[in-house]
>>> print(open('protein_35.cif').read())   # mmCIF, C-alpha atoms
data_final
loop_
_atom_site.label_atom_id
_atom_site.label_comp_id
_atom_site.auth_asym_id
_atom_site.auth_seq_id
_atom_site.Cartn_x
_atom_site.Cartn_y
_atom_site.Cartn_z
CA MET Y 840 21.55 28.12 21.33
CA THR Y 841 20.73 24.73 22.87
CA PRO Y 842 19.05 22.34 20.44
CA PRO Y 843 15.60 21.11 21.44
CA GLU Y 844 15.74 17.92 23.45
CA THR Y 845 12.28 16.50 24.06
CA ASP Y 846 9.93 15.11 21.46
CA ASP Y 847 7.47 17.88 22.15
CA GLU Y 848 10.09 20.58 21.66
CA LEU Y 849 11.19 18.98 18.40
CA PHE Y 850 7.60 18.70 17.29
CA THR Y 851 6.91 22.36 18.09
CA ALA Y 852 10.03 23.43 16.21
CA ALA Y 853 9.07 21.22 13.27
CA GLN Y 854 5.65 22.83 13.20
CA ARG Y 855 7.38 26.19 12.83
CA GLY Y 856 9.15 24.84 9.75
CA ASP Y 857 12.41 23.67 11.33
CA GLU Y 858 13.48 20.83 9.06
CA GLU Y 859 16.34 19.78 11.33
CA ALA Y 860 13.94 19.38 14.23
CA PHE Y 861 11.62 17.28 12.12
CA LEU Y 862 14.51 15.12 10.98
CA ALA Y 863 15.76 14.70 14.54
CA LEU Y 864 12.30 13.67 15.66
CA TYR Y 865 11.95 11.26 12.75
CA ARG Y 866 15.36 9.69 13.34
CA ARG Y 867 14.60 9.29 17.00
CA ARG Y 868 11.26 7.53 16.52
CA GLN Y 869 11.26 5.93 13.10
CA GLY Y 870 13.00 2.70 14.11
CA ALA Y 871 10.47 1.75 16.75
CA ILE Y 872 7.54 2.64 14.51
CA TYR Y 873 9.02 0.71 11.61
CA ARG Y 874 9.72 -2.38 13.71
CA PHE Y 875 6.28 -2.25 15.29
CA ALA Y 876 4.68 -2.06 11.85
CA MET Y 877 6.95 -4.81 10.55
CA HIS Y 878 6.15 -7.20 13.38
CA MET Y 879 2.47 -6.44 13.23
CA SER Y 880 2.07 -6.65 9.47
CA GLY Y 881 4.74 -9.26 8.82
CA SER Y 882 5.84 -7.26 5.79
CA THR Y 883 8.72 -4.83 5.37
CA ALA Y 884 6.98 -3.13 2.45
CA ALA Y 885 3.90 -2.50 4.55
CA ALA Y 886 6.08 -1.35 7.44
CA GLU Y 887 7.79 1.15 5.14
CA ASP Y 888 4.47 2.54 3.94
CA ILE Y 889 3.06 2.71 7.45
CA THR Y 890 6.14 4.48 8.83
CA GLN Y 891 5.92 7.03 6.09
CA GLU Y 892 2.20 7.52 6.65
CA VAL Y 893 2.66 7.96 10.40
CA PHE Y 894 5.08 10.85 9.98
CA LEU Y 895 3.08 12.34 7.14
CA ALA Y 896 0.06 12.31 9.44
CA LEU Y 897 2.18 14.08 12.04
CA LEU Y 898 3.15 16.68 9.44
CA ARG Y 899 -0.41 17.21 8.31
CA GLY Y 900 -1.74 17.27 11.83
CA ASP Y 901 -4.14 14.39 11.25
CA TRP Y 902 -5.55 12.93 14.46
CA GLY Y 903 -4.32 16.15 16.19
CA TYR Y 904 -1.60 15.50 18.70
CA ASP Y 905 -2.39 16.74 22.21
CA PRO Y 906 0.57 16.58 24.65
CA GLU Y 907 -1.81 16.52 27.59
CA ARG Y 908 -3.34 13.26 26.44
CA GLY Y 909 -0.10 11.33 26.18
CA SER Y 910 3.44 11.32 24.89
CA LEU Y 911 4.32 11.90 21.27
CA SER Y 912 5.77 8.41 21.14
CA SER Y 913 2.44 6.90 22.22
CA TYR Y 914 0.68 9.11 19.71
CA LEU Y 915 2.91 7.86 16.88
CA PHE Y 916 2.42 4.24 17.93
CA GLY Y 917 -1.30 4.88 18.08
CA ILE Y 918 -1.36 6.11 14.49
CA ALA Y 919 0.85 3.21 13.42
CA ARG Y 920 -1.50 0.77 15.11
CA LYS Y 921 -4.53 2.24 13.34
CA LEU Y 922 -2.75 2.00 10.01
CA VAL Y 923 -1.63 -1.55 10.74
CA LEU Y 924 -5.18 -2.60 11.60
CA ARG Y 925 -6.39 -1.00 8.39
CA GLN Y 926 -3.71 -2.86 6.49
CA LEU Y 927 -4.59 -6.16 8.15
CA GLU Y 928 -8.27 -5.66 7.34
CA ARG Y 929 -7.37 -5.06 3.72
CA THR Y 930 -5.13 -8.08 3.38
CA TYR Y 931 -7.00 -10.42 5.71
CA ALA Y 932 -3.61 -11.33 7.07
CA ASP Y 933 -4.63 -11.31 10.68
CA VAL Y 934 -4.43 -14.57 12.58
CA SER Y 935 -7.71 -15.81 13.95
CA LEU Y 936 -8.01 -16.03 17.69
CA ASP Y 937 -9.72 -19.38 17.24
CA GLU Y 938 -6.44 -20.83 16.13
CA HIS Y 939 -5.24 -20.60 19.70
CA PRO Y 940 -7.99 -21.64 22.11
CA PRO Y 941 -7.34 -20.90 25.77
CA GLU Y 942 -6.70 -24.57 26.50
CA ALA Y 943 -3.67 -24.45 24.27
CA VAL Y 944 -1.60 -23.00 27.08
CA SER Y 945 -1.03 -25.99 29.23
CA ALA Y 946 0.58 -26.19 32.58
CA ALA Y 947 4.29 -26.61 32.66
CA ASN Y 948 5.64 -30.04 32.06
CA ASP Y 949 8.88 -30.65 33.89
CA SER Y 950 9.86 -33.42 31.53
CA ALA Y 951 9.33 -31.29 28.40
CA PRO Y 952 12.62 -30.48 26.66
CA ASP Y 953 13.62 -26.87 26.83
CA PRO Y 954 13.37 -25.54 23.28
CA TYR Y 955 16.19 -23.08 23.77
CA ASP Y 956 18.87 -25.62 24.47
CA ALA Y 957 18.77 -27.01 20.95
CA LEU Y 958 19.12 -23.79 19.09
CA ASN Y 959 21.89 -21.33 18.84
CA GLU Y 960 21.27 -17.69 19.57
CA ARG Y 961 20.64 -16.59 16.00
CA GLU Y 962 18.21 -19.42 15.39
CA ARG Y 963 16.48 -18.73 18.69
CA ILE Y 964 15.98 -15.08 17.86
CA GLU Y 965 14.67 -15.96 14.42
CA ALA Y 966 12.35 -18.62 15.84
CA LEU Y 967 11.14 -16.16 18.42
CA ARG Y 968 10.53 -13.48 15.79
CA ARG Y 969 8.51 -15.93 13.69
CA ALA Y 970 6.54 -16.98 16.74
CA VAL Y 971 5.77 -13.35 17.59
CA VAL Y 972 4.57 -12.61 14.07
CA SER Y 973 2.30 -15.66 14.18
CA LEU Y 974 0.61 -14.58 17.42
CA PRO Y 975 -2.97 -13.36 17.29
CA ARG Y 976 -3.02 -9.63 16.76
CA ARG Y 977 -4.06 -8.57 20.28
CA TYR Y 978 -1.24 -10.62 21.83
CA ARG Y 979 1.27 -9.77 19.15
CA GLU Y 980 0.94 -6.04 19.68
CA VAL Y 981 1.42 -6.26 23.42
CA VAL Y 982 4.55 -8.40 23.00
CA VAL Y 983 5.95 -6.06 20.38
CA LEU Y 984 5.29 -2.97 22.47
CA CYS Y 985 6.24 -4.25 25.92
CA ASP Y 986 8.90 -6.83 25.14
CA LEU Y 987 10.50 -5.90 21.85
CA GLU Y 988 10.17 -2.12 22.15
CA GLU Y 989 10.43 -2.21 25.95
CA MET Y 990 7.56 0.20 26.42
CA ASP Y 991 6.20 0.42 29.97
CA TYR Y 992 2.71 -0.86 30.66
CA ALA Y 993 1.20 2.59 31.10
CA ASP Y 994 2.35 3.76 27.67
CA ALA Y 995 1.32 0.48 26.09
CA ALA Y 996 -2.10 0.84 27.69
CA ALA Y 997 -2.36 4.34 26.22
CA VAL Y 998 -1.44 3.08 22.76
CA LEU Y 999 -3.81 0.13 22.93
CA GLY Y 1000 -6.58 2.07 24.63
CA CYS Y 1001 -7.06 -0.42 27.44
CA PRO Y 1002 -6.34 -0.60 31.19
CA ILE Y 1003 -2.87 -1.51 32.44
CA GLY Y 1004 -4.24 -4.70 33.97
CA THR Y 1005 -5.38 -5.81 30.52
CA VAL Y 1006 -1.89 -5.20 29.16
CA ARG Y 1007 -0.42 -7.36 31.90
CA SER Y 1008 -2.88 -10.21 31.43
CA ARG Y 1009 -2.46 -10.15 27.68
CA LEU Y 1010 1.30 -10.21 28.09
CA HIS Y 1011 1.09 -13.28 30.33
CA ARG Y 1012 -1.16 -14.95 27.82
CA ALA Y 1013 1.02 -13.94 24.90
CA ARG Y 1014 4.13 -15.36 26.54
CA GLY Y 1015 2.34 -18.58 27.25
CA LEU Y 1016 1.40 -18.81 23.57
CA LEU Y 1017 4.95 -17.99 22.56
CA LEU Y 1018 6.33 -20.79 24.73
CA GLU Y 1019 3.77 -23.13 23.24
CA LYS Y 1020 4.74 -22.20 19.70
CA LEU Y 1021 8.46 -22.45 20.39
CA ASP Y 1022 7.92 -25.83 22.02
CA ARG Y 1023 5.96 -27.06 19.00
CA GLY Y 1024 8.59 -25.70 16.69
CA HIS Y 1025 11.32 -27.48 18.60
CA ARG Y 1026 9.46 -30.81 18.52
CA SER Y 1027 8.93 -30.52 14.78
CA ARG Y 1028 12.67 -30.09 14.38
CA SER Y 1029 13.57 -33.22 16.37
CA PRO Y 1030 16.48 -35.23 14.88
CA VAL Y 1031 14.31 -38.12 13.72
CA GLN Y 1032 11.89 -35.85 11.90
CA ALA Y 1033 14.72 -33.95 10.36
CA LEU Y 1034 15.94 -37.07 8.53
CA LYS Y 1035 14.72 -37.32 4.98
CA PRO Y 1036 14.46 -40.66 3.13
CA VAL Y 1037 16.75 -40.76 0.15
CA ARG Y 1038 15.99 -44.16 -1.31
CA CYS Y 1039 13.55 -46.94 -0.55
CA LEU Y 1040 15.42 -50.26 -0.46
CA ILE Y 1041 12.46 -52.58 0.06
CA MET J 886 -2.93 -18.47 46.99
CA THR J 887 -4.07 -20.70 44.13
CA CYS J 888 -2.23 -21.11 40.84
CA GLU J 889 -4.89 -19.09 39.06
CA GLU J 890 -4.60 -16.27 41.57
CA PHE J 891 -0.84 -16.38 41.22
CA TRP J 892 -0.89 -16.00 37.43
CA SER J 893 -3.47 -13.25 37.54
CA SER J 894 -1.54 -11.20 40.08
CA VAL J 895 2.15 -11.73 39.37
CA PRO J 896 3.56 -9.24 36.86
CA PRO J 897 5.14 -10.64 33.71
CA PRO J 898 8.85 -11.06 34.36
CA VAL J 899 11.14 -8.54 32.77
CA ALA J 900 14.69 -9.45 31.79
CA SER J 901 17.47 -8.12 34.00
CA ARG J 902 14.97 -6.66 36.39
CA PRO J 903 14.09 -8.13 39.80
CA LEU J 904 10.74 -9.82 40.04
CA GLU J 905 8.13 -7.45 41.44
CA ALA J 906 6.29 -10.20 43.29
CA ASP J 907 4.86 -9.76 46.74
CA ALA J 908 5.29 -12.16 49.66
CA LEU J 909 2.25 -14.26 48.79
CA GLU J 910 3.38 -14.77 45.22
CA ARG J 911 6.89 -15.73 46.30
CA GLU J 912 5.45 -18.17 48.80
CA HIS J 913 3.31 -19.76 46.06
CA LEU J 914 6.38 -20.16 43.87
CA HIS J 915 8.12 -22.01 46.68
CA GLN J 916 5.12 -24.24 47.32
CA CYS J 917 4.07 -25.03 43.71
CA PRO J 918 6.79 -26.67 41.57
CA ALA J 919 4.61 -26.52 38.41
CA CYS J 920 4.10 -22.78 38.68
CA ALA J 921 7.74 -22.32 39.62
CA ALA J 922 8.86 -24.23 36.52
CA GLU J 923 6.44 -22.40 34.29
CA PHE J 924 7.49 -19.10 35.77
CA ALA J 925 11.12 -19.99 35.20
CA ARG J 926 10.31 -20.64 31.55
CA HIS J 927 8.62 -17.24 31.39
CA CYS J 928 11.73 -15.66 32.87
CA ARG J 929 13.91 -17.31 30.25
CA LEU J 930 11.53 -16.22 27.56
CA ALA J 931 11.73 -12.65 28.86
CA GLU J 932 15.51 -12.85 28.57
CA GLU J 933 15.23 -14.18 25.04
CA LEU J 934 12.82 -11.43 24.15
CA ALA J 935 15.22 -8.85 25.55
CA LEU J 936 17.97 -10.42 23.47
CA ALA J 937 15.76 -10.30 20.39
CA ALA J 938 14.81 -6.69 21.16
CA GLY J 939 18.47 -5.74 21.26
CA ASP J 940 19.12 -7.58 18.03
CA LEU J 941 16.10 -6.09 16.27
CA ARG J 942 16.93 -2.58 17.43
CA ARG J 943 19.28 -2.31 14.47
CA VAL J 944 16.34 -2.63 12.11
CA GLN J 945 15.48 0.81 10.79
CA ALA J 946 13.23 2.20 8.10
CA PRO J 947 14.96 2.50 4.71
CA ASP J 948 16.62 5.81 3.91
CA ARG J 949 14.17 6.45 1.09
CA VAL J 950 11.40 6.95 3.65
CA GLU J 951 13.38 9.79 5.21
CA ALA J 952 14.05 11.29 1.78
CA ARG J 953 10.36 11.20 0.89
CA LEU J 954 9.39 12.74 4.22
CA VAL J 955 11.95 15.53 3.85
CA HIS J 956 10.51 16.24 0.43
CA ALA J 957 6.99 16.30 1.90
CA PHE J 958 8.16 18.52 4.76
CA ARG J 959 9.69 21.06 2.37
CA TRP J 960 6.60 21.04 0.20
CA GLN J 961 4.40 21.57 3.24
CA SER J 962 6.68 24.34 4.51
CA ARG J 963 6.38 26.15 1.19
CA ALA J 964 2.63 25.70 1.27
CA GLY J 965 2.63 27.06 4.82
CA THR J 966 4.63 30.09 3.73
CA ASN J 967 2.14 30.69 0.97
CA ASP J 968 -0.64 30.45 3.50
CA ARG J 969 1.01 33.10 5.66
CA HIS J 970 1.01 35.44 2.66
CA GLY J 971 -2.39 34.26 1.59
CA TRP J 972 -3.62 37.74 0.73
CA LEU J 973 -0.93 38.12 -1.91
CA ALA J 974 -1.98 35.31 -4.20
CA PRO J 975 -5.63 36.44 -4.62
CA ALA J 976 -4.45 40.02 -5.16
CA ILE J 977 -2.12 38.89 -7.91
CA TRP J 978 -4.84 36.82 -9.48
CA TRP J 979 -7.33 39.68 -9.39
CA ALA J 980 -4.79 42.08 -10.85
CA ALA J 981 -3.98 39.65 -13.63
CA ALA J 982 -7.67 39.10 -14.35
CA ALA J 983 -8.33 42.85 -14.44
CA ALA J 984 -5.43 43.39 -16.81
CA LEU J 985 -6.70 40.60 -19.02
CA VAL J 986 -10.20 42.07 -19.16
CA LEU J 987 -8.76 45.49 -19.94
CA CYS J 988 -6.66 44.12 -22.78
CA ALA J 989 -9.61 42.19 -24.17
CA GLY J 990 -11.78 45.32 -24.00
CA LEU J 991 -9.17 47.40 -25.80
CA PHE J 992 -8.75 44.73 -28.42
CA ILE J 993 -12.48 44.44 -29.05
CA SER J 994 -13.07 48.18 -29.14
CA GLY J 995 -10.08 48.54 -31.43
CA ALA J 996 -11.48 45.92 -33.74
CA ARG J 997 -14.81 47.71 -33.89
CA GLN J 998 -13.33 51.10 -34.75
CA PRO J 999 -14.01 51.94 -38.39
CA VAL J 1000 -10.98 51.11 -40.40
CA PRO J 1001 -10.03 54.02 -42.61
CA GLN J 1002 -11.47 53.15 -45.98
CA ARG J 1003 -8.55 52.87 -48.23
CA HIS J 1004 -10.82 51.88 -51.05
CA ALA J 1005 -13.41 54.59 -50.65
CA ARG J 1006 -12.85 58.29 -50.70
CA PRO J 1007 -15.26 61.03 -51.48
CA VAL J 1008 -14.98 62.59 -54.86
CA THR J 1009 -16.25 66.05 -55.59
CA LEU J 1010 -18.50 66.08 -58.60
CA PRO J 1011 -20.16 69.19 -59.87
CA ALA J 1012 -23.63 69.47 -58.46
CA VAL J 1013 -24.96 70.19 -61.94
CA GLU J 1014 -23.55 66.92 -63.26
CA LEU J 1015 -25.19 64.97 -60.43
CA ALA J 1016 -28.45 66.74 -60.95
CA GLU J 1017 -28.34 65.96 -64.66
CA TRP J 1018 -27.63 62.31 -63.96
CA ALA J 1019 -30.47 62.13 -61.49
CA ALA J 1020 -32.86 63.68 -63.95
CA ALA J 1021 -31.78 61.58 -66.94
CA PRO J 1022 -33.69 58.35 -67.63
CA ALA J 1023 -31.81 55.10 -67.60
CA GLU J 1024 -30.82 53.73 -71.00
CA SER J 1025 -30.08 50.24 -72.23
CA ASP J 1026 -27.84 48.91 -74.97
CA ALA J 1027 -28.80 46.41 -77.65
CA ASP J 1028 -28.24 43.46 -75.29
CA GLY J 1029 -30.48 44.94 -72.64
CA ASN J 1030 -27.59 45.90 -70.45
CA PRO J 1031 -27.71 49.32 -68.94
CA ALA J 1032 -25.75 51.76 -71.09
CA ALA J 1033 -23.38 54.34 -69.80
CA ASP J 1034 -24.56 57.89 -70.01
CA ALA J 1035 -22.58 60.93 -71.06
CA SER J 1036 -20.88 61.21 -67.73
CA GLY J 1037 -19.76 57.56 -67.93
CA PHE J 1038 -22.04 56.28 -65.18
CA ILE J 1039 -23.57 52.91 -65.74
CA PRO J 1040 -26.85 52.48 -63.93
CA VAL J 1041 -26.96 49.59 -61.51
CA PRO J 1042 -29.50 47.03 -62.75
CA ASN J 1043 -32.93 47.44 -61.17
CA ALA J 1044 -31.82 50.59 -59.40
CA ASP J 1045 -34.45 52.55 -61.32
CA ARG J 1046 -37.14 51.16 -59.09
CA PHE J 1047 -35.73 53.09 -56.16
CA ARG J 1048 -34.79 56.16 -58.14
CA SER J 1049 -36.94 59.25 -57.98
CA ALA J 1050 -36.53 62.28 -60.17
CA ASP J 1051 -35.56 64.70 -57.47
CA GLU J 1052 -33.50 62.46 -55.22
CA GLU J 1053 -30.15 63.58 -54.00
CA VAL J 1054 -27.25 61.30 -54.66
CA ASN J 1055 -23.80 61.00 -53.14
CA LEU J 1056 -20.69 60.06 -54.96
CA VAL J 1057 -18.14 57.72 -53.42
CA ARG J 1058 -14.95 56.50 -55.04
CA VAL J 1059 -14.12 52.91 -54.24
CA GLU J 1060 -11.65 50.31 -55.32
CA VAL J 1061 -13.20 47.10 -56.54
CA PRO J 1062 -11.90 43.97 -58.27
CA ARG J 1063 -11.85 44.39 -62.01
CA SER J 1064 -14.03 41.28 -62.21
CA ALA J 1065 -16.89 43.44 -60.85
CA MET J 1066 -17.01 45.13 -64.26
CA ILE J 1067 -18.38 41.93 -65.79
CA ALA J 1068 -21.71 42.53 -64.03
CA PHE J 1069 -22.02 45.76 -66.03
CA GLY J 1070 -21.35 44.12 -69.40
CA ILE J 1071 -17.74 45.10 -69.64
CA SER J 1072 -15.46 42.33 -70.75
CA VAL J 1073 -12.54 41.51 -68.50
CA SER J 1074 -9.71 39.19 -69.37
CA ALA J 1075 -8.97 36.37 -67.01
CA GLU J 1076 -5.47 37.70 -66.35
CA ASP J 1077 -6.79 41.08 -65.22
CA ALA J 1078 -9.74 39.78 -63.24
CA SER J 1079 -7.89 39.83 -59.95
CA GLU J 1080 -6.64 43.39 -60.36
CA SER J 1081 -8.27 46.29 -58.65
CA VAL J 1082 -9.95 49.15 -60.42
CA GLU J 1083 -11.24 52.44 -59.08
CA ALA J 1084 -14.89 53.23 -59.50
CA ASP J 1085 -17.22 56.11 -58.66
CA VAL J 1086 -20.43 54.91 -57.11
CA LEU J 1087 -23.54 57.04 -56.93
CA LEU J 1088 -25.41 56.26 -53.73
CA GLY J 1089 -29.01 57.19 -53.25
CA PRO J 1090 -30.37 58.58 -49.96
CA ASP J 1091 -31.31 55.01 -49.00
CA GLY J 1092 -27.65 53.97 -49.24
CA LEU J 1093 -28.16 51.81 -52.31
CA ALA J 1094 -25.95 52.23 -55.36
CA ARG J 1095 -27.63 53.86 -58.33
CA ALA J 1096 -24.82 53.90 -60.83
CA VAL J 1097 -21.17 53.09 -61.19
CA ARG J 1098 -18.44 54.66 -63.25
CA PHE J 1099 -15.18 52.86 -63.67
CA VAL J 1100 -12.37 55.36 -63.57
CA ASP J 1101 -9.68 53.40 -65.41
#
>>> encode(input="protein_35.cif", output="structure tokens")
Amino acid sequence: MTPPETDDELFTAAQRGDEEAFLALYRRRQGAIYRFAMHMSGSTAAAEDITQEVFLALLRGDWGYDPERGSLSSYLFGIARKLVLRQLERTYADVSLDEHPPEAVSAANDSAPDPYDALNERERIEALRRAVVSLPRRYREVVVLCDLEEMDYADAAAVLGCPIGTVRSRLHRARGLLLEKLDRGHRSRSPVQALKPVRCLI
Amino acid sequence: MTCEEFWSSVPPPVASRPLEADALEREHLHQCPACAAEFARHCRLAEELALAAGDLRRVQAPDRVEARLVHAFRWQSRAGTNDRHGWLAPAIWWAAAAALVLCAGLFISGARQPVPQRHARPVTLPAVELAEWAAAPAESDADGNPAADASGFIPVPNADRFRSADEEVNLVRVEVPRSAMIAFGISVSAEDASESVEADVLLGPDGLARAVRFVD
């Protein structure tokens, strides 16, 4: 007997009580859900709770999954997003949009130092991750979905409940903000600023 | 094409994927160094994001989440199985409740059944003797206590008020504590007070005792 392949087949088998199918579905999707929740909430503990809640909701049939309305993956991300928003409302951890007015994204400056040259790969990834987490929520989620989870725009639009064009424009905007943040971060780590006075001689 | 039109129409660059820009957008990139530089930065950022995505892909939920979900799945499966046999549980409950009610009924009815009177048994007394007792007037001793008659019966105090000359009496033998004899003026030692003693009780038609005779 051929094991079920698609998410929907696994889900149907899991609904019939097939534990292996449920486990296969969980193992296939948990990483992306966990990372999405982690990037959105900025907390591994919250991400753990949210991941668990997403699959429990799938088990219980909360928010009834309808294959005709979208993929199971989008459905899971949709639940995760709702839970993340609930979590953010509870903790007031969301970043205000006012922190990043539209003027903050300036036109490119040819003379500006490229922030990537000064950092090694590990530092760059870490700086990028921090910058993503500090983005306003609506930009953060589109970067996490489209860039970090490599979801296509149509699926991201389904998860976010907005048109594809909105996903694209938000992604442009989010990347502009990311560049701005990375640039600021690089300037703050300039060699002169990194020096710390040890003793005052005068 | 203006810069604003360019940024609103060009798709965000994706790492290791050719730019999906049309001819107008490509032409703008060639003509506008600022947009070209900015777009190049976006392209590099897309590559960095792809690098970060690959690096972060190793991040997974802790194993304990899977363990908890498996536990929840098994619990839900059992609950689902119970639901499929939903008729069985109420039937069992009703059967258990019926059995309980039956047992309780039997217990209560059993408790209400008259317990065989170990202490009371009818005693046959000659009808003449009873008739004589009924006809005889009650006597008292020097202390005012009712005195036993020839047949040994001691009238119950104040029983005369209910006694008529031609009433029919019944005789019942009972077992009473010896201390009950004190009420009839018979001395009882403290050591024997808790012992039992047999007594014949004459009951009137109204069920009240008329006289008592201690057998021992």
>>> residues_around(input="protein_35.cif", residues="segment 907-914 of chain Y", least_positions_apart="3", cutoff="8 Å", atoms="all atoms listed in the file", output="number ranges by chain")
Y: 846-847, 868, 904, 917-918, 994-995, 997-998
>>> residues_around(input="protein_35.cif", residues="Gly1004 of chain Y", least_positions_apart="4", cutoff="10 Å", atoms="all atoms listed in the file", output="list of chain:residue names")
Y:Tyr992, Y:Ala993, Y:Ala996, Y:Ser1008, Y:Arg1009, Y:Leu1010, J:Ser893, J:Ser894, J:Pro896
>>> resolve_selection(input="protein_35.cif", expression="the PyMOL selection byres ((chain J and resi 927) around 10)", output="JSON, numbers by chain")
{"Y": [1011, 1014, 1015, 1017, 1018], "J": [897, 898, 899, 900, 921, 922, 923, 924, 925, 926, 928, 929, 930, 931, 932, 933]}
>>> atom_distance(input="protein_35.cif", atom1="atom CA of Leu1093 of chain J", atom2="atom CA of Phe1038 of chain J")
14.9 Å
>>> resolve_selection(input="protein_35.cif", expression="the PyMOL selection byres ((chain Y) within 9 of (chain J))", output="PyMOL selection string")
chain Y and resi 853-858+861-862+865-866+869-874+883+886-888+890-891+894-895+898-899+946-949+953+955+960+963-965+967-968+982-983+986-989+1007-1008+1010-1011+1014-1015+1017-1018
>>> atom_distance(input="protein_35.cif", atom1="atom CA of Thr887 of chain J", atom2="atom CA of His913 of chain J")
7.7 Å
>>> atom_distance(input="protein_35.cif", atom1="atom CA of Arg979 of chain Y", atom2="atom CA of Thr1005 of chain Y")
13.8 Å
>>> closest_residue(input="protein_35.cif", among="Y:Leu927, Y:Met990, Y:Leu984, Y:Val1006", to="Ser882 of chain Y", atoms="only C-alpha atoms")
Y:Leu927
>>> closest_residue(input="protein_35.cif", among="Y:Gly1000, Y:Leu974, Y:Leu864, Y:Asp991", to="Arg1012 of chain Y", atoms="all atoms listed in the file")
Y:Leu974
>>> residues_around(input="protein_35.cif", residues="Glu844 of chain Y", least_positions_apart="3", cutoff="10 Å", atoms="all atoms listed in the file", output="list in words")
Thr841, Asp847, Glu848, Leu849, Ala860, Ala863 and Leu864 of chain Y
>>> closest_residue(input="protein_35.cif", among="J:Leu1088, J:Ile993, J:Leu987, J:Val1100", to="Glu1053 of chain J", atoms="only C-alpha atoms")
J:Leu1088
>>> resolve_selection(input="protein_35.cif", expression="the PyMOL selection byres ((chain J and resi 1063-1075) around 9)", output="ChimeraX atom specification")
/J:1030-1032,1039-1042,1060-1062,1076-1083,1097,1099
>>> closest_residue(input="protein_35.cif", among="J:Leu914, J:Leu991, J:Ala1094, J:Ala983", to="Asn1043 of chain J", atoms="only C-alpha atoms")
J:Ala1094
